[in-house]
>>> print(open('data19.cif').read())   # mmCIF, C-alpha atoms
data_protein
loop_
_atom_site.label_atom_id
_atom_site.label_comp_id
_atom_site.auth_asym_id
_atom_site.auth_seq_id
_atom_site.Cartn_x
_atom_site.Cartn_y
_atom_site.Cartn_z
CA MET L 864 -60.40 -0.94 -5.55
CA PHE L 865 -57.32 -0.35 -7.74
CA ARG L 866 -56.41 2.80 -5.78
CA SER L 867 -56.73 0.87 -2.52
CA VAL L 868 -54.32 -1.80 -3.78
CA ARG L 869 -51.82 0.82 -4.90
CA PHE L 870 -52.09 2.62 -1.56
CA ALA L 871 -51.55 -0.63 0.35
CA ALA L 872 -48.51 -1.48 -1.76
CA ALA L 873 -47.02 1.98 -1.26
CA LEU L 874 -47.64 1.76 2.47
CA ALA L 875 -45.94 -1.63 2.61
CA LEU L 876 -42.89 -0.36 0.75
CA SER L 877 -42.73 2.66 3.04
CA CYS L 878 -42.80 0.42 6.09
CA VAL L 879 -40.05 -1.80 4.68
CA GLY L 880 -37.91 1.26 3.96
CA SER L 881 -38.49 2.66 7.44
CA LEU L 882 -37.64 -0.69 9.01
CA ALA L 883 -34.40 -0.94 6.99
CA SER L 884 -33.43 2.61 7.98
CA ALA L 885 -34.17 1.85 11.63
CA GLN L 886 -32.07 -1.32 11.48
CA THR L 887 -29.16 0.57 9.89
CA ALA L 888 -29.37 3.28 12.54
CA THR L 889 -29.38 0.69 15.30
CA THR L 890 -26.39 -1.08 13.75
CA THR L 891 -24.30 2.07 13.48
CA GLN L 892 -25.22 3.31 16.97
CA SER L 893 -24.16 0.01 18.57
CA TYR L 894 -20.97 -0.28 16.48
CA PRO L 895 -18.73 -2.00 17.34
CA ASN L 896 -20.20 -4.87 19.32
CA LYS L 897 -18.19 -7.81 17.96
CA PRO L 898 -14.60 -8.38 16.77
CA ILE L 899 -13.35 -6.30 13.85
CA ARG L 900 -11.24 -8.23 11.35
CA VAL L 901 -8.32 -6.35 9.73
CA VAL L 902 -7.23 -8.48 6.79
CA VAL L 903 -3.54 -8.27 5.89
CA PRO L 904 -3.35 -10.00 2.48
CA PHE L 905 0.25 -11.12 3.05
CA ALA L 906 2.08 -13.45 5.42
CA ALA L 907 2.84 -12.53 9.02
CA GLY L 908 6.24 -10.96 9.68
CA GLY L 909 6.48 -8.83 6.54
CA PRO L 910 6.58 -5.00 6.56
CA ILE L 911 2.85 -4.55 5.95
CA ASP L 912 2.05 -6.94 8.82
CA ILE L 913 4.57 -5.32 11.18
CA MET L 914 3.21 -1.81 10.50
CA THR L 915 -0.42 -2.88 10.91
CA ARG L 916 -0.23 -4.66 14.27
CA PRO L 917 0.35 -1.51 16.41
CA LEU L 918 -2.63 0.10 14.69
CA ALA L 919 -4.86 -2.88 15.43
CA GLN L 920 -3.68 -3.01 19.05
CA LYS L 921 -4.36 0.68 19.67
CA LEU L 922 -7.76 0.51 17.93
CA ASN L 923 -8.58 -2.42 20.21
CA GLU L 924 -7.85 -0.25 23.24
CA ALA L 925 -9.56 2.89 21.92
CA MET L 926 -12.77 1.15 20.89
CA SER L 927 -12.87 -1.27 23.86
CA ASN L 928 -13.52 -3.98 21.31
CA PRO L 929 -11.40 -6.75 19.77
CA VAL L 930 -9.59 -5.68 16.60
CA LEU L 931 -7.86 -8.71 15.14
CA VAL L 932 -5.22 -8.96 12.41
CA ASP L 933 -6.13 -11.74 9.98
CA ASN L 934 -3.26 -12.75 7.66
CA ARG L 935 -4.70 -14.15 4.44
CA ALA L 936 -1.74 -14.51 2.12
CA GLY L 937 -1.73 -15.72 -1.45
CA ALA L 938 -1.76 -14.64 -5.10
CA ASN L 939 0.10 -11.35 -4.44
CA GLY L 940 -2.58 -10.10 -2.07
CA ILE L 941 -5.58 -11.05 -4.18
CA ILE L 942 -6.99 -13.77 -1.89
CA GLY L 943 -7.14 -11.63 1.26
CA THR L 944 -8.34 -8.55 -0.57
CA ASP L 945 -11.12 -10.52 -2.25
CA SER L 946 -12.30 -11.88 1.10
CA VAL L 947 -13.05 -8.33 2.26
CA ALA L 948 -14.62 -7.27 -1.03
CA LYS L 949 -17.17 -10.07 -0.55
CA SER L 950 -17.77 -9.43 3.17
CA PRO L 951 -20.89 -7.71 4.54
CA PRO L 952 -20.57 -3.89 4.52
CA ASP L 953 -20.99 -3.60 8.28
CA GLY L 954 -17.55 -2.33 9.41
CA TYR L 955 -16.39 -5.67 10.80
CA SER L 956 -14.13 -6.60 7.87
CA LEU L 957 -11.44 -4.16 6.72
CA ALA L 958 -8.80 -4.62 4.03
CA VAL L 959 -5.22 -3.46 4.41
CA ALA L 960 -4.38 -2.03 1.00
CA SER L 961 -1.06 -0.92 -0.45
CA GLY L 962 0.20 0.64 -3.63
CA GLY L 963 0.81 -2.88 -4.91
CA THR L 964 -2.68 -4.27 -4.25
CA HIS L 965 -4.82 -1.26 -5.14
CA ALA L 966 -2.81 0.88 -7.59
CA ILE L 967 -0.54 -1.53 -9.49
CA GLY L 968 -2.19 -4.96 -9.33
CA PRO L 969 -5.34 -3.97 -11.25
CA HIS L 970 -3.16 -3.02 -14.24
CA VAL L 971 -1.00 -6.15 -14.11
CA TYR L 972 -3.77 -8.73 -13.69
CA ALA L 973 -6.34 -8.65 -16.48
CA LYS L 974 -9.12 -10.24 -14.44
CA LEU L 975 -9.35 -9.59 -10.72
CA PRO L 976 -12.33 -10.97 -8.76
CA TYR L 977 -13.07 -7.43 -7.51
CA ASP L 978 -12.93 -3.81 -8.63
CA VAL L 979 -10.69 -1.70 -6.37
CA PHE L 980 -12.95 1.33 -6.81
CA LYS L 981 -16.46 -0.14 -7.02
CA ASP L 982 -16.08 -2.83 -4.35
CA PHE L 983 -14.30 -0.77 -1.67
CA THR L 984 -14.74 2.50 0.17
CA PRO L 985 -11.72 4.40 1.58
CA VAL L 986 -11.33 4.64 5.35
CA SER L 987 -7.87 6.10 6.07
CA LEU L 988 -4.25 6.15 5.05
CA TYR L 989 -1.98 5.19 7.96
CA VAL L 990 1.62 4.61 6.79
CA THR L 991 3.81 5.87 3.95
CA MET L 992 7.40 4.90 3.13
CA ALA L 993 9.93 5.78 0.49
CA GLU L 994 11.14 3.43 -2.19
CA LEU L 995 14.89 3.41 -1.59
CA LEU L 996 17.38 2.94 -4.43
CA VAL L 997 20.49 1.06 -3.34
CA VAL L 998 23.46 -0.51 -5.13
CA HIS L 999 26.06 -3.11 -4.24
CA PRO L 1000 29.04 -1.37 -2.57
CA ALA L 1001 31.41 -2.67 -5.26
CA LEU L 1002 29.53 -0.87 -8.02
CA PRO L 1003 31.60 2.23 -8.90
CA VAL L 1004 28.78 4.75 -8.45
CA ARG L 1005 27.88 7.11 -5.61
CA SER L 1006 24.96 8.99 -7.14
CA VAL L 1007 21.95 8.37 -9.35
CA LYS L 1008 23.59 10.30 -12.20
CA GLU L 1009 26.68 8.08 -11.99
CA LEU L 1010 24.45 5.00 -11.99
CA VAL L 1011 22.63 6.24 -15.08
CA ALA L 1012 25.93 6.99 -16.83
CA LEU L 1013 27.18 3.47 -16.05
CA ALA L 1014 23.94 1.91 -17.29
CA LYS L 1015 24.19 3.86 -20.53
CA ALA L 1016 27.78 2.73 -20.99
CA ARG L 1017 26.81 -0.89 -20.23
CA PRO L 1018 23.27 -1.41 -21.59
CA ASN L 1019 21.51 -4.54 -20.27
CA GLN L 1020 24.55 -5.45 -18.16
CA LEU L 1021 23.19 -4.25 -14.81
CA ASN L 1022 20.75 -6.55 -13.03
CA PHE L 1023 18.09 -5.20 -10.69
CA GLY L 1024 16.02 -7.39 -8.41
CA SER L 1025 12.46 -7.02 -7.17
CA SER L 1026 9.88 -8.71 -4.97
CA GLY L 1027 8.14 -9.97 -8.10
CA THR L 1028 6.82 -8.79 -11.43
CA GLY L 1029 4.46 -5.85 -11.07
CA GLY L 1030 5.33 -4.96 -7.47
CA THR L 1031 6.24 -1.44 -6.35
CA PRO L 1032 10.02 -2.20 -6.35
CA HIS L 1033 9.79 -3.46 -9.94
CA LEU L 1034 7.72 -0.49 -11.11
CA ALA L 1035 10.05 2.02 -9.39
CA ALA L 1036 12.97 0.64 -11.40
CA GLU L 1037 10.90 0.75 -14.59
CA LEU L 1038 10.16 4.39 -13.83
CA LEU L 1039 13.90 5.07 -13.55
CA LYS L 1040 14.57 3.21 -16.81
CA SER L 1041 11.94 5.29 -18.59
CA ALA L 1042 13.01 8.64 -17.13
CA ALA L 1043 16.74 8.07 -17.67
CA LYS L 1044 16.36 6.19 -20.98
CA ILE L 1045 18.50 3.26 -19.84
CA GLU L 1046 18.24 -0.50 -20.24
CA MET L 1047 18.70 -2.89 -17.32
CA VAL L 1048 17.76 -6.53 -16.69
CA HIS L 1049 14.90 -7.30 -14.30
CA VAL L 1050 15.33 -10.35 -12.03
CA PRO L 1051 12.08 -11.06 -10.15
CA TYR L 1052 12.11 -12.89 -6.80
CA LYS L 1053 9.43 -14.20 -4.47
CA GLY L 1054 9.83 -11.36 -2.00
CA MET L 1055 12.43 -8.71 -1.22
CA GLY L 1056 14.18 -10.95 1.31
CA PRO L 1057 15.87 -13.21 -1.24
CA ALA L 1058 16.43 -10.28 -3.61
CA THR L 1059 18.26 -8.38 -0.88
CA MET L 1060 20.37 -11.42 -0.06
CA ASP L 1061 21.47 -11.71 -3.68
CA LEU L 1062 22.23 -7.99 -3.82
CA ILE L 1063 24.48 -8.28 -0.78
CA ALA L 1064 26.13 -11.35 -2.34
CA GLY L 1065 26.84 -9.42 -5.52
CA GLN L 1066 24.47 -11.37 -7.79
CA LEU L 1067 22.52 -8.14 -8.37
CA GLN L 1068 23.83 -4.63 -8.87
CA LEU L 1069 20.87 -2.63 -7.58
CA VAL L 1070 17.33 -2.74 -6.21
CA PHE L 1071 14.51 -0.44 -5.25
CA ALA L 1072 12.64 -1.51 -2.12
CA ASP L 1073 10.48 -0.16 0.69
CA LEU L 1074 12.90 1.69 2.96
CA PRO L 1075 12.14 -0.50 6.04
CA VAL L 1076 13.37 -3.55 4.11
CA LEU L 1077 16.80 -2.03 3.45
CA LEU L 1078 17.37 0.31 6.39
CA GLU L 1079 19.53 -2.03 8.50
CA GLN L 1080 21.60 -3.11 5.47
CA VAL L 1081 22.34 0.54 4.68
CA LYS L 1082 23.37 1.25 8.26
CA ALA L 1083 25.64 -1.82 8.21
CA ASP L 1084 27.23 -0.64 4.93
CA LYS L 1085 26.17 -3.85 3.20
CA VAL L 1086 24.50 -1.77 0.47
CA ARG L 1087 24.94 1.84 -0.66
CA ALA L 1088 21.90 4.13 -0.68
CA LEU L 1089 21.64 6.55 -3.61
CA ALA L 1090 18.22 8.19 -3.29
CA VAL L 1091 14.71 8.01 -1.84
CA GLY L 1092 11.61 8.28 -4.00
CA THR L 1093 9.64 10.60 -1.72
CA ALA L 1094 9.31 14.38 -2.04
CA LYS L 1095 11.31 14.91 1.16
CA ARG L 1096 14.31 13.14 2.68
CA SER L 1097 13.83 10.33 5.17
CA ALA L 1098 14.44 11.14 8.83
CA ASN L 1099 16.17 7.74 9.06
CA LEU L 1100 18.66 8.56 6.27
CA PRO L 1101 18.96 12.37 6.29
CA ASN L 1102 22.12 12.35 4.15
CA VAL L 1103 20.47 10.44 1.30
CA PRO L 1104 19.00 12.78 -1.34
CA THR L 1105 15.57 12.55 -2.91
CA MET L 1106 15.26 11.51 -6.54
CA ALA L 1107 14.42 15.15 -7.35
CA GLU L 1108 17.61 16.35 -5.64
CA ALA L 1109 19.50 13.62 -7.53
CA GLY L 1110 18.37 15.15 -10.82
CA PHE L 1111 15.18 13.21 -11.54
CA PRO L 1112 12.19 15.24 -10.31
CA GLN L 1113 9.82 13.17 -12.49
CA ILE L 1114 10.49 10.08 -10.37
CA GLU L 1115 8.21 9.76 -7.35
CA ALA L 1116 8.12 6.27 -5.90
CA TYR L 1117 6.75 5.43 -2.50
CA ASN L 1118 4.53 2.81 -0.93
CA TRP L 1119 1.53 3.35 1.30
CA TYR L 1120 -0.71 1.31 3.56
CA ALA L 1121 -4.36 2.16 4.06
CA LEU L 1122 -7.60 0.66 5.32
CA PHE L 1123 -10.55 0.13 2.99
CA ALA L 1124 -14.00 -1.22 3.87
CA PRO L 1125 -16.46 -3.03 1.60
CA ALA L 1126 -18.51 -0.73 -0.58
CA ALA L 1127 -21.80 0.50 0.95
CA THR L 1128 -20.43 0.45 4.51
CA PRO L 1129 -22.47 3.11 6.36
CA LYS L 1130 -20.86 6.54 6.42
CA GLN L 1131 -21.24 6.80 10.20
CA ILE L 1132 -19.06 3.71 10.62
CA ILE L 1133 -16.44 5.03 8.18
CA THR L 1134 -16.38 8.33 10.07
CA ARG L 1135 -15.94 6.56 13.43
CA LEU L 1136 -13.12 4.37 12.15
CA ASN L 1137 -11.39 7.30 10.48
CA ALA L 1138 -11.46 9.37 13.67
CA GLU L 1139 -10.04 6.53 15.76
CA ILE L 1140 -7.27 5.80 13.22
CA ALA L 1141 -6.28 9.48 13.21
CA LYS L 1142 -5.88 9.38 16.99
CA VAL L 1143 -3.82 6.19 16.87
CA MET L 1144 -1.44 7.39 14.16
CA SER L 1145 -0.81 10.66 16.04
CA ASN L 1146 0.10 8.72 19.19
CA ALA L 1147 3.74 9.42 20.11
CA ALA L 1148 4.60 5.75 20.70
CA VAL L 1149 3.09 4.68 17.38
CA LYS L 1150 4.85 7.49 15.51
CA SER L 1151 8.17 6.56 17.13
CA PHE L 1152 7.75 2.85 16.35
CA THR L 1153 6.84 3.58 12.74
CA GLN L 1154 9.80 5.92 12.22
CA ASN L 1155 12.20 3.42 13.78
CA GLN L 1156 11.01 0.93 11.16
CA GLY L 1157 11.84 3.42 8.39
CA ALA L 1158 8.32 4.63 7.64
CA GLU L 1159 6.05 7.53 8.56
CA ALA L 1160 2.80 7.39 10.54
CA VAL L 1161 0.16 9.46 8.76
CA GLY L 1162 -3.57 9.96 8.62
CA SER L 1163 -6.08 11.14 6.05
CA THR L 1164 -9.74 11.73 5.48
CA PRO L 1165 -11.55 9.13 3.38
CA GLU L 1166 -11.72 11.72 0.60
CA GLU L 1167 -7.97 12.35 0.72
CA LEU L 1168 -7.28 8.63 0.57
CA GLY L 1169 -9.61 8.33 -2.40
CA ALA L 1170 -7.70 11.06 -4.25
CA ILE L 1171 -4.32 9.47 -3.44
CA HIS L 1172 -5.59 6.09 -4.61
CA LYS L 1173 -6.80 7.50 -7.94
CA ARG L 1174 -3.56 9.43 -8.52
CA GLU L 1175 -1.38 6.40 -7.76
CA PHE L 1176 -3.62 4.14 -9.85
CA ASP L 1177 -3.24 6.40 -12.89
CA LYS L 1178 0.51 6.92 -12.43
CA TRP L 1179 1.44 3.26 -12.12
CA GLY L 1180 -1.03 2.25 -14.81
CA ALA L 1181 0.89 4.36 -17.31
CA ILE L 1182 4.18 2.73 -16.28
CA VAL L 1183 2.75 -0.80 -16.51
CA LYS L 1184 1.43 -0.06 -20.00
CA ALA L 1185 4.65 1.57 -21.23
CA ALA L 1186 6.78 -1.31 -19.91
CA GLY L 1187 4.43 -3.99 -21.24
CA ILE L 1188 4.38 -5.76 -17.89
CA LYS L 1189 2.44 -9.01 -17.62
CA PRO L 1190 1.99 -11.31 -14.58
CA GLU L 1191 4.53 -14.06 -14.07
#
>>> encode(input="data19.cif", output="structure tokens")
Amino acid sequence: MFRSVRFAAALALSCVGSLASAQTATTTQSYPNKPIRVVVPFAAGGPIDIMTRPLAQKLNEAMSNPVLVDNRAGANGIIGTDSVAKSPPDGYSLAVASGGTHAIGPHVYAKLPYDVFKDFTPVSLYVTMAELLVVHPALPVRSVKELVALAKARPNQLNFGSSGTGGTPHLAAELLKSAAKIEMVHVPYKGMGPATMDLIAGQLQLVFADLPVLLEQVKADKVRALAVGTAKRSANLPNVPTMAEAGFPQIEAYNWYALFAPAATPKQIITRLNAEIAKVMSNAAVKSFTQNQGAEAVGSTPEELGAIHKREFDKWGAIVKAAGIKPE
């Protein structure tokens, strides 16, 4: 009797497992069959939104299925990111992540409603861009070394702006302060727009920012570019040296945009999305649009994105700790 009960229970569990496997297989084979939501955790019109819309449009065409950009701004990206972390792992909700949301934010905010590693699975990198160091044209410096010399001669007299405490522009400047052993005053803003305006007006002496934010101001000679934080020069500003060429090889500062799915999303779906994103980002029109904005269209495997995420997470975590940065 007891053996019969155990056998029946085992058979029932086996059937449940087989049914779940069959349902998962059916789901992945029919994917996608309803709109895919790409959550941009910032307001429409910003760089991350502008760079994501061509990707969503081309994915829409390639997959013959609606791919919709959903702007869910608030709390420095936390609200939109959290909405994806708590979505079903079925491939229909994807989070647009950046260095700020997934590599820096977890170190700045003591209690996030999600874990950037445990609650997400990497899909693909799709855009990278340099952090660009610029100064007001009236500042008597034309190189990073001259800027450092001036900062050492005038400690805490140079003001640098940022998009807010703990963002990539802020951390890039903290990295320069640490590497060059200089002291400057941080002035946080609610976005790089107002910070750039104050730089042009002479209220600030320098800023780091995503290159697309400053590209037109550099071309119009409203600000002077000193260096880019990437390993190679930007095609948009070929005469501007890298931080390594400027004498600071230890400074690498760039931003990146990538897609992550909720944890436990089936591997077949991740593989399908990754393949389609790779095709989109190698499209000539997309590459041209991205470069014209001051960024670079790229692709990656999920594993490569995972490695980049971990490396950036560790790098910026050390800077946040050393600088004692806390949220505003």
>>> residues_around(input="data19.cif", residues="Ala948 of chain L", least_positions_apart="5", cutoff="7 Å", atoms="only C-alpha atoms", output="PyMOL selection string")
chain L and resi 977+982-983+1125
>>> atom_distance(input="data19.cif", atom1="atom CA of Ala1160 of chain L", atom2="atom CA of Leu1122 of chain L")
13.4 Å
>>> closest_residue(input="data19.cif", among="L:Pro1129, L:Gly940, L:Pro1018, L:Pro951", to="Arg900 of chain L", atoms="all atoms listed in the file")
L:Pro951
>>> residues_near_point(input="data19.cif", point="(6.9, -9.8, 5.0)", cutoff="12 Å", atoms="all atoms listed in the file", output="VMD selection string")
chain L and resid 903 to 915 934 936 939 to 940 1026 1053 to 1057 1073 1075 to 1076
>>> atom_distance(input="data19.cif", atom1="atom CA of Ser1006 of chain L", atom2="atom CA of Ala1090 of chain L")
7.8 Å
>>> build_atoms(input="data19.cif", residues="segment 1111-1135 of chain L", atoms="N, CA and C atoms", output="mmCIF file, keeping the file's coordinate frame")
data_model
loop_
_atom_site.group_PDB
_atom_site.id
_atom_site.type_symbol
_atom_site.label_atom_id
_atom_site.label_comp_id
_atom_site.auth_asym_id
_atom_site.auth_seq_id
_atom_site.Cartn_x
_atom_site.Cartn_y
_atom_site.Cartn_z
ATOM 1 N N PHE L 1111 16.305 13.852 -10.868
ATOM 2 C CA PHE L 1111 15.180 13.210 -11.540
ATOM 3 C C PHE L 1111 13.858 13.564 -10.838
ATOM 4 N N PRO L 1112 13.416 14.804 -10.991
ATOM 5 C CA PRO L 1112 12.190 15.240 -10.310
ATOM 6 C C PRO L 1112 10.937 14.510 -10.786
ATOM 7 N N GLN L 1113 10.993 13.887 -11.965
ATOM 8 C CA GLN L 1113 9.820 13.170 -12.490
ATOM 9 C C GLN L 1113 9.622 11.818 -11.832
ATOM 10 N N ILE L 1114 10.594 11.392 -11.020
ATOM 11 C CA ILE L 1114 10.490 10.080 -10.370
ATOM 12 C C ILE L 1114 9.999 10.254 -8.942
ATOM 13 N N GLU L 1115 8.769 9.812 -8.700
ATOM 14 C CA GLU L 1115 8.210 9.760 -7.350
ATOM 15 C C GLU L 1115 7.779 8.325 -7.104
ATOM 16 N N ALA L 1116 8.411 7.678 -6.168
ATOM 17 C CA ALA L 1116 8.120 6.270 -5.900
ATOM 18 C C ALA L 1116 8.080 6.033 -4.405
ATOM 19 N N TYR L 1117 6.898 5.745 -3.912
ATOM 20 C CA TYR L 1117 6.750 5.430 -2.500
ATOM 21 C C TYR L 1117 5.637 4.405 -2.344
ATOM 22 N N ASN L 1118 5.606 3.751 -1.213
ATOM 23 C CA ASN L 1118 4.530 2.810 -0.930
ATOM 24 C C ASN L 1118 3.667 3.371 0.178
ATOM 25 N N TRP L 1119 2.463 2.879 0.279
ATOM 26 C CA TRP L 1119 1.530 3.350 1.300
ATOM 27 C C TRP L 1119 0.635 2.199 1.741
ATOM 28 N N TYR L 1120 0.227 2.283 2.997
ATOM 29 C CA TYR L 1120 -0.710 1.310 3.560
ATOM 30 C C TYR L 1120 -1.949 2.073 3.999
ATOM 31 N N ALA L 1121 -3.100 1.504 3.730
ATOM 32 C CA ALA L 1121 -4.360 2.160 4.060
ATOM 33 C C ALA L 1121 -5.418 1.123 4.373
ATOM 34 N N LEU L 1122 -6.473 1.548 5.053
ATOM 35 C CA LEU L 1122 -7.600 0.660 5.320
ATOM 36 C C LEU L 1122 -8.762 1.027 4.401
ATOM 37 N N PHE L 1123 -9.348 -0.010 3.796
ATOM 38 C CA PHE L 1123 -10.550 0.130 2.990
ATOM 39 C C PHE L 1123 -11.614 -0.802 3.560
ATOM 40 N N ALA L 1124 -12.865 -0.392 3.448
ATOM 41 C CA ALA L 1124 -14.000 -1.220 3.870
ATOM 42 C C ALA L 1124 -14.776 -1.647 2.627
ATOM 43 N N PRO L 1125 -15.615 -2.662 2.749
ATOM 44 C CA PRO L 1125 -16.460 -3.030 1.600
ATOM 45 C C PRO L 1125 -17.336 -1.858 1.183
ATOM 46 N N ALA L 1126 -17.625 -1.775 -0.091
ATOM 47 C CA ALA L 1126 -18.510 -0.730 -0.580
ATOM 48 C C ALA L 1126 -19.855 -0.783 0.145
ATOM 49 N N ALA L 1127 -20.489 0.365 0.296
ATOM 50 C CA ALA L 1127 -21.800 0.500 0.950
ATOM 51 C C ALA L 1127 -21.733 0.393 2.465
ATOM 52 N N THR L 1128 -20.533 0.372 3.048
ATOM 53 C CA THR L 1128 -20.430 0.450 4.510
ATOM 54 C C THR L 1128 -20.990 1.799 4.950
ATOM 55 N N PRO L 1129 -21.857 1.838 5.950
ATOM 56 C CA PRO L 1129 -22.470 3.110 6.360
ATOM 57 C C PRO L 1129 -21.456 4.199 6.671
ATOM 58 N N LYS L 1130 -21.785 5.417 6.254
ATOM 59 C CA LYS L 1130 -20.860 6.540 6.420
ATOM 60 C C LYS L 1130 -20.524 6.778 7.882
ATOM 61 N N GLN L 1131 -21.502 6.569 8.771
ATOM 62 C CA GLN L 1131 -21.240 6.800 10.200
ATOM 63 C C GLN L 1131 -20.133 5.889 10.712
ATOM 64 N N ILE L 1132 -20.101 4.657 10.211
ATOM 65 C CA ILE L 1132 -19.060 3.710 10.620
ATOM 66 C C ILE L 1132 -17.710 4.130 10.059
ATOM 67 N N ILE L 1133 -17.684 4.546 8.798
ATOM 68 C CA ILE L 1133 -16.440 5.030 8.180
ATOM 69 C C ILE L 1133 -15.897 6.217 8.963
ATOM 70 N N THR L 1134 -16.784 7.138 9.327
ATOM 71 C CA THR L 1134 -16.380 8.330 10.070
ATOM 72 C C THR L 1134 -15.805 7.955 11.432
ATOM 73 N N ARG L 1135 -16.428 7.005 12.115
ATOM 74 C CA ARG L 1135 -15.940 6.560 13.430
ATOM 75 C C ARG L 1135 -14.559 5.927 13.304
#
